[in-house]
$ cat entry.csv   # CSV, C-alpha atoms and all ligand atoms
chain,number,residue,atom,x,y,z
A,1,MET,CA,-23.5,-1.3,19.7
A,2,PRO,CA,-22.3,1.5,17.4
A,3,LEU,CA,-21.1,-0.9,14.7
A,4,THR,CA,-24.5,-1.4,13.2
A,5,ASN,CA,-24.7,-0.3,9.6
A,6,THR,CA,-21.0,0.4,9.4
A,7,LEU,CA,-19.1,-1.2,6.6
A,8,THR,CA,-15.3,-1.1,6.8
A,9,THR,CA,-13.5,-1.2,3.5
A,10,PHE,CA,-9.8,-1.8,3.0
A,11,HIS,CA,-7.5,-0.8,0.2
A,12,ILE,CA,-5.4,-3.6,-1.3
A,13,HIS,CA,-1.9,-3.6,0.0
A,14,VAL,CA,1.1,-5.7,-1.1
A,15,PRO,CA,4.1,-6.7,1.0
A,16,VAL,CA,7.1,-4.7,0.0
A,17,ARG,CA,9.3,-7.8,-0.1
A,18,VAL,CA,7.0,-9.3,-2.7
A,19,LEU,CA,7.3,-6.2,-4.9
A,20,LEU,CA,11.1,-6.3,-4.7
A,21,ARG,CA,11.0,-9.8,-6.2
A,22,TYR,CA,8.9,-8.7,-9.2
A,23,GLY,CA,10.5,-8.2,-12.6
A,24,ASP,CA,10.6,-4.7,-14.2
A,25,LYS,CA,7.4,-5.1,-16.2
A,26,ARG,CA,5.3,-6.5,-13.4
A,27,LEU,CA,6.6,-4.0,-10.9
A,28,GLY,CA,5.9,-1.2,-13.4
A,29,ASP,CA,2.3,-2.3,-13.6
A,30,ILE,CA,1.9,-1.5,-9.9
A,31,VAL,CA,4.4,1.2,-9.0
A,32,THR,CA,5.2,4.1,-11.2
A,33,HIS,CA,8.5,5.9,-10.6
A,34,PRO,CA,10.2,8.7,-12.6
A,35,GLU,CA,13.4,6.6,-12.5
A,36,GLY,CA,11.7,3.4,-13.6
A,37,ALA,CA,11.8,0.0,-11.9
A,38,GLU,CA,15.3,0.6,-10.4
A,39,GLY,CA,14.2,3.8,-8.9
A,40,ALA,CA,11.1,2.2,-7.5
A,41,ARG,CA,13.1,-0.7,-6.0
A,42,LYS,CA,15.4,1.8,-4.3
A,43,GLU,CA,12.5,3.6,-2.8
A,44,LEU,CA,10.9,0.3,-1.6
A,45,ARG,CA,14.1,-0.7,0.1
A,46,GLU,CA,14.2,2.7,1.9
A,47,MET,CA,10.6,2.1,3.0
A,48,GLN,CA,11.7,-1.3,4.4
A,49,GLU,CA,14.5,0.4,6.3
A,50,GLN,CA,11.9,2.7,7.9
A,51,GLY,CA,9.9,-0.3,9.1
A,52,ILE,CA,7.2,-0.1,6.3
A,53,ILE,CA,6.2,-3.6,5.4
A,54,PHE,CA,3.3,-3.0,3.0
A,55,LEU,CA,2.6,-0.7,0.1
A,56,VAL,CA,-1.1,0.4,-0.5
A,57,CYS,CA,-1.9,0.2,-4.2
A,58,ASP,CA,-4.0,3.4,-4.0
A,59,SER,CA,-2.5,6.9,-3.4
A,60,LYS,CA,-6.0,8.1,-2.1
A,61,CYS,CA,-5.6,6.0,1.0
A,62,ASN,CA,-5.5,8.4,4.0
A,63,ASN,CA,-5.6,5.9,6.8
A,64,ARG,CA,-2.5,3.8,7.0
A,65,LYS,CA,-1.0,1.8,9.8
A,66,PRO,CA,2.7,2.4,10.8
A,67,ASP,CA,3.6,-0.7,8.8
A,68,GLY,CA,2.2,0.9,5.7
A,69,SER,CA,-0.9,-1.2,5.3
A,70,CYS,CA,-4.5,0.2,5.1
A,71,ALA,CA,-6.1,0.5,8.5
A,72,GLY,CA,-9.6,0.4,6.9
A,73,HIS,CA,-12.2,3.0,6.1
A,74,ALA,CA,-15.7,3.1,7.7
A,75,GLU,CA,-18.4,3.8,5.3
A,76,GLN,CA,-21.6,4.7,7.0
A,77,ASP,CA,-24.9,3.9,5.5
A,78,ALA,CA,-27.1,7.0,5.9
A,101,ZN,ZN,-7.1,2.7,2.8

$ encode --input "entry.csv" --output "C-alpha cells" --more "lines below"
Ligand SMILES: [Zn+2]
Amino acid sequence: MPLTNTLTTFHIHVPVRVLLRYGDKRLGDIVTHPEGAEGARKELREMQEQGIIFLVCDSKCNNRKPDGSCAGHAEQDA
C-alpha cells in the first residue's frame, strides 16, 4: 500500500454562491480586487458561468479540481 506515511492536506475553499451573499466588508476580508467588492462580485459571477463552484482562499494552491476546489496536496514524511 503506497499510502503509508502520506498526509494529504487541503486548502480551505468557499462556495462562490456564499461569497456572493457576503457584504462588502466581509467579502473584502477574503477576496481582494482592484475594483473593490463590486469588481470581485463581477469576477465571481464570471467564474460561476464557467462552472467554477468554489474559490480557494490561497493563491498558492496549484492543484485545483475543475470546480475550483482544492484537490489536496500529498505531503510525504521523509
Ligand atoms: Zn490546494

$ closest_residue --input "entry.csv" --among "A:Glu75, A:Cys61, A:Asp67, A:Phe54" --to "ligand ZN 101 (chain A)" --atoms "all atoms listed in the file"
A:Cys61

$ residues_near_point --input "entry.csv" --point "(3.6, 0.0, -8.2)" --cutoff "12 Å" --atoms "only C-alpha atoms" --output "PyMOL selection string"
chain A and resi 12-16+18-20+22-34+36-41+43-44+54-59

$ closest_residue --input "entry.csv" --among "A:Lys42, A:His11, A:Arg17, A:Lys65" --to "ligand ZN 101 (chain A)" --atoms "only C-alpha atoms and all ligand atoms"
A:His11

$ residues_near_ligand --input "entry.csv" --ligand "ligand ZN 101 (chain A)" --cutoff "7 Å" --atoms "only C-alpha atoms and all ligand atoms" --output "list of chain:residue names"
A:Phe10, A:His11, A:Cys61, A:Asn62, A:Asn63, A:Arg64, A:Cys70, A:Ala71, A:Gly72, A:His73

$ atom_distance --input "entry.csv" --atom1 "atom CA of A:Ala74" --atom2 "atom CA of A:Leu7"
5.6 Å
